[in-house]
There are 2 protein chains.
Amino acid sequence: VRIAVLGTGTVGRTLAARLAGLGHEAHVGTRDVEASLAGTQESWDGSGTFAQWHANNPDIALGAFAEASAGAEVVFNATAGEGSLDALGAAGDLDGVVIADVSNPLDNSQGFPPLLSVCNDDSLAERIQRAHPGAKVVKTLNTVTAAIMVRPADVGGGDHTMFVAGDDEDAKATVRSLLEAFGWRHVVDLGGIRGARAMEMYLPMWLQLMGARGTPMFNVKVVS
Amino acid sequence: VRIAVLGTGTVGRTLAARLAGLGHEAHVGTRDVEASLAGTQESWDGSGTFAQWHANNPDIALGAFAEASAGAEVVFNATAGEGSLDALGAAGDLDGVVIADVSNPLDNSQGFPPLLSVCNDDSLAERIQRAHPGAKVVKTLNTVTAAIMVRPADVGGGDHTMFVAGDDEDAKATVRSLLEAFGWRHVVDLGGIRGARAMEMYLPMWLQLMGARGTPMFNVKVVS
């Protein structure tokens, strides 16, 4: 399946590499290919600059947002929350496309921990859905760090919970099958896209837990 | 230990009964004792009207907010979020007192699910702390339904997580010992009272999960 991953940060790299490893035709999309390849910032995950990562992953195509998204069945939004609407706006016609939104609407303007730039009576995922009414937005994976997104078994033997929310049942089934391929065994459906509010408002808890534990390698399991 | 529980709803009743059962001198505080005893609304937990519950728990003292709180070492805020600041304002001098804040700032004015009346850059617990700078506010227990608050072993064998947040370490230790007496084995300290934002912003997730599961008898466990 052709899958676009928008965003060249740690999350985008991790998703693209895992999807390619699973045999999908992965395309990474970015605003400006030249600028991304010229970037000197190194990822905290050890994958180096984007140019280094790109050189080490020669089977993953790289293009502008619209190039990467063209013909994709699923588009992962792995851009920073503040840039997500612009990035998807530049991705071309997304009608009928599944947008797997893994972003968080973090507002870093006031230091750490970040606030949310939207919450309570709206969410970034809802904004994306409103901006692309013909697309099928599914919120998922924003509640864990990149490494756990694609290899949940790396913590707690994979015995913890992922969430999905979205208005389109087929799109949720598509995303769910990708999650299962990643190794997710417990996926809870939070209903329509409004459920994304809950997933995004969980981020302050995630940030506090990361601070308390000193590592992002954790998740929560729903217990009953 | 003398402990006040402010609030006559399901949460207040559950906390007071459990604290009394553990041998504490439990006092339930309410705005207007006569009005509370005259109330005809029955709790969804089967404990009936407040007058019926009171008759069935004769060892638990009942008084106005200030009466119940006088001399209490710990005051549980189990009032509805919208009434919490008023209730604690009526509780008299709370300097040196541990306020265990179990409330949620729910805004029910726009139907179900409720929004939060405060979040992101502030929290109800922080507002309570600012209103009572001499008190020691500890946020806890707001992330589970009443029955689980006091008997965590009733779901998943108790193998799930509770949180505390507050600026005073001794107060957190006091609350933690009460939590342990309730049966909590995994209590994560989220740091200062600002951590209450994370605990209150978790509520939308809790509400979605309750909807998805059809029962409030669940909690989350932090897995690593």
# chains A, B, ... in the order shown; residues from 1 in each chain; ligands from 1
>>> residues_around(residues="Leu179 (chain A)", least_positions_apart="4", cutoff="9 Å", atoms="only C-alpha atoms", output="ChimeraX atom specification")
/A:141,149-150,162,174-175,183-185,187
>>> select_by_dssp(residues="region 124-208 of chain B", states="strand (DSSP E)", output="ChimeraX atom specification")
/B:136-140,161-166,186-189
>>> write_last_selection(atoms="C-alpha atoms", output="tab-separated table (two decimals), in the first residue's frame")
chain	number	residue	atom	x	y	z
B	136	LYS	CA	-1.65	22.16	51.49
B	137	VAL	CA	-3.59	21.05	48.44
B	138	VAL	CA	-3.01	17.56	47.06
B	139	LYS	CA	-4.83	16.54	43.90
B	140	THR	CA	-5.73	12.86	43.84
B	161	THR	CA	-2.18	3.53	38.93
B	162	MET	CA	-3.21	6.52	41.05
B	163	PHE	CA	-1.63	9.95	40.88
B	164	VAL	CA	-0.87	12.68	43.40
B	165	ALA	CA	0.23	16.24	42.75
B	166	GLY	CA	0.91	19.01	45.25
B	186	HIS	CA	0.89	2.10	42.58
B	187	VAL	CA	0.88	5.82	43.35
B	188	VAL	CA	2.81	8.09	40.96
B	189	ASP	CA	3.89	11.52	42.20
>>> closest_residue(among="A:Ala72, A:Leu115, A:Leu106, A:Ala55", to="chain B", atoms="only C-alpha atoms")
A:Leu115
>>> residues_around(residues="Pro216 (chain A)", least_positions_apart="6", cutoff="8 Å", atoms="only C-alpha atoms", output="ChimeraX atom specification")
/A:144-145,210
>>> interface_residues(of="chain B", to="chain A", cutoff="6 Å", atoms="only C-alpha atoms", output="list of chain:residue names")
B:Leu115, B:Asn120, B:Val155, B:Gly156, B:Leu190, B:Ala198, B:Met201, B:Tyr202, B:Pro204, B:Met205, B:Gln208, B:Phe218, B:Asn219, B:Val220, B:Lys221, B:Val222, B:Val223, B:Ser224
>>> select_by_dssp(residues="region 73-143 of chain A", states="alpha helix (DSSP H)", output="number ranges by chain")
A: 81-89, 124-131
>>> write_last_selection(atoms="all heavy atoms", output="compact mmCIF listing (two decimals), in the first residue's frame")
# COMPACT_ATOMS: atom_id res chain seq x y z
N GLY A 81 2.33 19.99 15.57
CA GLY A 81 0.94 20.40 15.59
C GLY A 81 0.72 21.79 14.99
O GLY A 81 -0.23 22.01 14.24
N GLU A 82 1.62 22.70 15.29
CA GLU A 82 1.43 24.07 14.83
C GLU A 82 1.54 24.19 13.31
O GLU A 82 1.04 25.15 12.73
CB GLU A 82 2.43 25.01 15.50
CG GLU A 82 3.88 24.60 15.29
CD GLU A 82 4.86 25.43 16.12
OE1 GLU A 82 4.41 26.26 16.93
OE2 GLU A 82 6.06 25.23 15.96
N GLY A 83 2.19 23.21 12.67
CA GLY A 83 2.33 23.26 11.22
C GLY A 83 1.43 22.29 10.48
O GLY A 83 1.48 22.21 9.24
N SER A 84 0.59 21.55 11.21
CA SER A 84 -0.15 20.45 10.59
C SER A 84 -1.17 20.92 9.56
O SER A 84 -1.29 20.33 8.48
CB SER A 84 -0.86 19.63 11.67
OG SER A 84 0.07 18.93 12.47
N LEU A 85 -1.92 21.96 9.88
CA LEU A 85 -2.94 22.41 8.93
C LEU A 85 -2.30 22.92 7.64
O LEU A 85 -2.79 22.64 6.54
CB LEU A 85 -3.84 23.47 9.57
CG LEU A 85 -4.84 22.92 10.59
CD1 LEU A 85 -5.47 24.05 11.41
CD2 LEU A 85 -5.93 22.09 9.90
N ASP A 86 -1.19 23.64 7.77
CA ASP A 86 -0.48 24.11 6.58
C ASP A 86 0.06 22.94 5.77
O ASP A 86 -0.04 22.93 4.53
CB ASP A 86 0.69 25.02 6.98
CG ASP A 86 0.21 26.43 7.32
OD1 ASP A 86 -0.98 26.73 7.12
OD2 ASP A 86 1.04 27.23 7.80
N ALA A 87 0.66 21.97 6.46
CA ALA A 87 1.26 20.83 5.76
C ALA A 87 0.19 20.06 4.98
O ALA A 87 0.37 19.73 3.80
CB ALA A 87 1.96 19.92 6.75
N LEU A 88 -0.93 19.78 5.64
CA LEU A 88 -1.99 19.04 4.96
C LEU A 88 -2.63 19.88 3.87
O LEU A 88 -3.07 19.37 2.84
CB LEU A 88 -3.02 18.55 5.99
CG LEU A 88 -2.50 17.40 6.87
CD1 LEU A 88 -3.32 17.27 8.15
CD2 LEU A 88 -2.51 16.09 6.09
N GLY A 89 -2.67 21.18 4.09
CA GLY A 89 -3.19 22.08 3.06
C GLY A 89 -2.34 22.05 1.81
O GLY A 89 -2.84 22.26 0.69
N LEU A 124 -7.14 19.46 17.42
CA LEU A 124 -6.44 19.59 16.15
C LEU A 124 -7.02 18.62 15.12
O LEU A 124 -7.21 18.98 13.95
CB LEU A 124 -4.94 19.33 16.35
CG LEU A 124 -4.07 19.41 15.10
CD1 LEU A 124 -4.24 20.75 14.38
CD2 LEU A 124 -2.60 19.17 15.46
N ALA A 125 -7.33 17.41 15.54
CA ALA A 125 -7.88 16.42 14.60
C ALA A 125 -9.21 16.89 14.02
O ALA A 125 -9.49 16.70 12.83
CB ALA A 125 -8.05 15.07 15.30
N GLU A 126 -10.04 17.51 14.86
CA GLU A 126 -11.31 18.03 14.35
C GLU A 126 -11.07 19.17 13.36
O GLU A 126 -11.79 19.30 12.36
CB GLU A 126 -12.19 18.50 15.51
CG GLU A 126 -12.78 17.34 16.32
CD GLU A 126 -13.37 17.83 17.64
OE1 GLU A 126 -12.60 18.02 18.62
OE2 GLU A 126 -14.59 18.02 17.70
N ARG A 127 -10.07 20.00 13.66
CA ARG A 127 -9.74 21.09 12.73
C ARG A 127 -9.28 20.53 11.39
O ARG A 127 -9.63 21.05 10.33
CB ARG A 127 -8.64 21.97 13.33
CG ARG A 127 -9.16 22.83 14.48
CD ARG A 127 -8.10 23.82 14.95
NE ARG A 127 -8.66 24.65 16.01
CZ ARG A 127 -8.01 25.62 16.63
NH1 ARG A 127 -6.76 25.89 16.31
NH2 ARG A 127 -8.60 26.32 17.59
N ILE A 128 -8.47 19.48 11.45
CA ILE A 128 -8.00 18.84 10.21
C ILE A 128 -9.20 18.27 9.44
O ILE A 128 -9.31 18.44 8.23
CB ILE A 128 -6.96 17.75 10.52
CG1 ILE A 128 -5.67 18.40 11.05
CG2 ILE A 128 -6.68 16.89 9.30
CD1 ILE A 128 -4.66 17.40 11.61
N GLN A 129 -10.11 17.61 10.15
CA GLN A 129 -11.28 17.04 9.48
C GLN A 129 -12.14 18.13 8.85
O GLN A 129 -12.62 17.97 7.72
CB GLN A 129 -12.10 16.21 10.48
CG GLN A 129 -13.31 15.51 9.87
CD GLN A 129 -12.92 14.46 8.84
OE1 GLN A 129 -12.56 13.35 9.19
NE2 GLN A 129 -12.97 14.81 7.55
N ARG A 130 -12.31 19.25 9.57
CA ARG A 130 -13.10 20.35 9.00
C ARG A 130 -12.41 20.96 7.78
O ARG A 130 -13.08 21.38 6.83
CB ARG A 130 -13.34 21.44 10.06
CG ARG A 130 -14.30 21.02 11.16
CD ARG A 130 -14.88 22.23 11.92
NE ARG A 130 -13.88 23.08 12.53
CZ ARG A 130 -13.36 22.90 13.75
NH1 ARG A 130 -13.74 21.87 14.49
NH2 ARG A 130 -12.48 23.74 14.23
N ALA A 131 -11.08 21.00 7.81
CA ALA A 131 -10.34 21.58 6.68
C ALA A 131 -10.35 20.65 5.48
O ALA A 131 -10.16 21.11 4.34
CB ALA A 131 -8.90 21.89 7.11
>>> closest_residue(among="B:Gly9, B:Gly63, B:Pro113, B:Gly29", to="Trp44 (chain B)", atoms="only C-alpha atoms")
B:Gly9
